[in-house]
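Colleague: Please read through the structure below; I'll follow up with questions.
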Amino acid sequence: MNIVAIQKSTGMFLESHELGFDRNTLMQNALSCGFNEDDIEIKELSNSELDVILKAEHDATLTYADKRKAEYDQLNQFEMQFDDDRDGTTTWVDKINEIKARYPK
């Protein structure tokens, strides 16, 4: 379990510590960074709940190119192209277009 400070108005994660960390210190840290006390929520989260928040914040910083590249890297593109050429299929092109449609410019 973790104790975290979250900005209410944006849902932005501010700080996290293992459960047992002093709530008042967590609030003071947020206030010293210029946040308004009424806009700070201190709450307990499991490790998995915290992971969800951190992943969402990380994903929000990724560009369309970052997201595309992550999916392109999972493909065995040369083999797909070879198989398409051999079999007369369009599996590779279809997958690339699917990724581009999911993450448009």
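All residue names refer to the structure tokens as shown: chains lettered A, B, ... in order, residues numbered from 1 in each chain, ligands numbered from 1 in order.
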Each residue of region 48-94 of chain A lying at most 12 Å from region 13-24 of chain A should get a row with its shortest atom-to-atom pair and the distance in Å to one decimal, counting only C-alpha atoms; could you produce that, ordered by chain and increasing number, as a Markdown table?
Modeller:
| residue | atom | partner | partner_atom | distance |
| --- | --- | --- | --- | --- |
| A:Glu49 | CA | A:Phe13 | CA | 11.8 |
| A:Leu50 | CA | A:Ser16 | CA | 8.6 |
| A:Asp51 | CA | A:Phe13 | CA | 11.0 |
| A:Val52 | CA | A:Phe13 | CA | 11.0 |
| A:Ile53 | CA | A:Phe13 | CA | 7.2 |
| A:Leu54 | CA | A:Phe13 | CA | 7.5 |
| A:Lys55 | CA | A:Phe13 | CA | 10.8 |
| A:Ala56 | CA | A:Phe13 | CA | 10.1 |
| A:Glu57 | CA | A:Phe13 | CA | 8.0 |
| A:His58 | CA | A:Phe13 | CA | 10.9 |
Colleague: Residues of the last selection are to be written out with C-alpha atoms, as an mmCIF file, in the first residue's frame.
Modeller:
data_model
loop_
_atom_site.group_PDB
_atom_site.id
_atom_site.type_symbol
_atom_site.label_atom_id
_atom_site.label_comp_id
_atom_site.auth_asym_id
_atom_site.auth_seq_id
_atom_site.Cartn_x
_atom_site.Cartn_y
_atom_site.Cartn_z
ATOM 1 C CA GLU A 49 -3.772 1.328 -8.408
ATOM 2 C CA LEU A 50 -0.642 3.489 -8.259
ATOM 3 C CA ASP A 51 0.766 1.710 -11.318
ATOM 4 C CA VAL A 52 -2.400 2.575 -13.269
ATOM 5 C CA ILE A 53 -2.040 6.278 -12.410
ATOM 6 C CA LEU A 54 1.657 6.376 -13.266
ATOM 7 C CA LYS A 55 1.131 4.531 -16.559
ATOM 8 C CA ALA A 56 -1.679 6.902 -17.558
ATOM 9 C CA GLU A 57 0.519 9.924 -16.827
ATOM 10 C CA HIS A 58 3.395 8.394 -18.781
#
Colleague: Extract the full set of alpha helix (DSSP H) residues from chain A according to DSSP on the backbone, and format it as a ChimeraX atom specification.
Modeller: /A:23-32,47-60,64-72,77-87,91-102
Colleague: Give me, as number ranges by chain, all polymer residues having an atom no more than 8 Å from Trp92 (chain A), counting only C-alpha atoms and skipping those fewer than 3 positions away in the same chain.
Modeller: A: 77, 80-81, 84, 95-96
Colleague: Please, which residues of region 4-87 of chain A, numbered as in this document, come out strand (DSSP E) from DSSP, as a ChimeraX atom specification?
Modeller: /A:4-7,13-18,40-45
Colleague: Write the residues of the preceding selection, restricted to N, CA and C atoms, as a compact mmCIF listing (two decimals), in the first residue's frame.
Modeller:
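Resulting contents of result_13.txt:
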# COMPACT_ATOMS: atom_id res chain seq x y z
N VAL A 4 -0.51 8.62 -1.17
CA VAL A 4 -0.18 9.50 -2.30
C VAL A 4 -0.87 10.85 -2.17
N ALA A 5 -0.26 11.83 -2.81
CA ALA A 5 -0.88 13.15 -2.94
C ALA A 5 -1.23 13.33 -4.41
N ILE A 6 -2.50 13.70 -4.66
CA ILE A 6 -3.00 13.89 -6.02
C ILE A 6 -3.68 15.25 -6.09
N GLN A 7 -3.43 15.97 -7.19
CA GLN A 7 -4.11 17.24 -7.40
C GLN A 7 -5.54 16.94 -7.87
N PHE A 13 -0.73 13.11 -10.37
CA PHE A 13 -0.01 12.49 -9.27
C PHE A 13 1.11 13.44 -8.84
N LEU A 14 1.22 13.68 -7.53
CA LEU A 14 2.25 14.59 -7.04
C LEU A 14 3.37 13.87 -6.32
N GLU A 15 3.02 12.94 -5.43
CA GLU A 15 4.05 12.29 -4.62
C GLU A 15 3.49 11.01 -4.03
N SER A 16 4.37 10.04 -3.81
CA SER A 16 3.96 8.77 -3.24
C SER A 16 5.01 8.26 -2.27
N HIS A 17 4.54 7.60 -1.22
CA HIS A 17 5.42 6.95 -0.25
C HIS A 17 4.75 5.68 0.23
N GLU A 18 5.52 4.81 0.83
CA GLU A 18 4.94 3.61 1.41
C GLU A 18 4.01 4.02 2.55
N ILE A 40 -5.69 19.44 -3.07
CA ILE A 40 -4.84 18.27 -2.84
C ILE A 40 -5.64 17.19 -2.13
N GLU A 41 -5.54 15.98 -2.64
CA GLU A 41 -6.17 14.83 -2.00
C GLU A 41 -5.06 13.87 -1.56
N ILE A 42 -5.10 13.50 -0.30
CA ILE A 42 -4.17 12.51 0.24
C ILE A 42 -4.97 11.22 0.41
N LYS A 43 -4.51 10.15 -0.23
CA LYS A 43 -5.25 8.90 -0.09
C LYS A 43 -4.33 7.70 -0.19
N GLU A 44 -4.87 6.54 0.20
CA GLU A 44 -4.13 5.29 0.15
C GLU A 44 -4.47 4.56 -1.14
N LEU A 45 -3.43 4.03 -1.80
CA LEU A 45 -3.62 3.26 -3.02
C LEU A 45 -2.79 1.98 -2.94
Colleague: Neighbouring residues of Ser46 (chain A) were defined as those with any atom within 9 Å, considering only C-alpha atoms; residues of the same chain fewer than 5 positions away were excluded. Please report them as an MDAnalysis selection string.
Modeller: chainID A and resid 1:3 51
Colleague: Which residue out of A:Asp85, A:Asn76, A:Ala65, A:Ala70 has the minimum interatomic distance to Pro104 (chain A) when only C-alpha atoms are used?
Modeller: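 The closest residue to Pro104 (chain A) is A:Ala65.
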Colleague: Mind pulling up the distance from CA of Lys105 (chain A) to CA of Ser9 (chain A)?
Modeller: 28.5 Å
Colleague: Which one is closest to Glu37 (chain A): A:Tyr72, A:Lys8, A:Ala101, A:Arg86? Count only C-alpha atoms.
Modeller: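 Using only C-alpha atoms, the shortest distance to Glu37 (chain A) belongs to A:Lys8.
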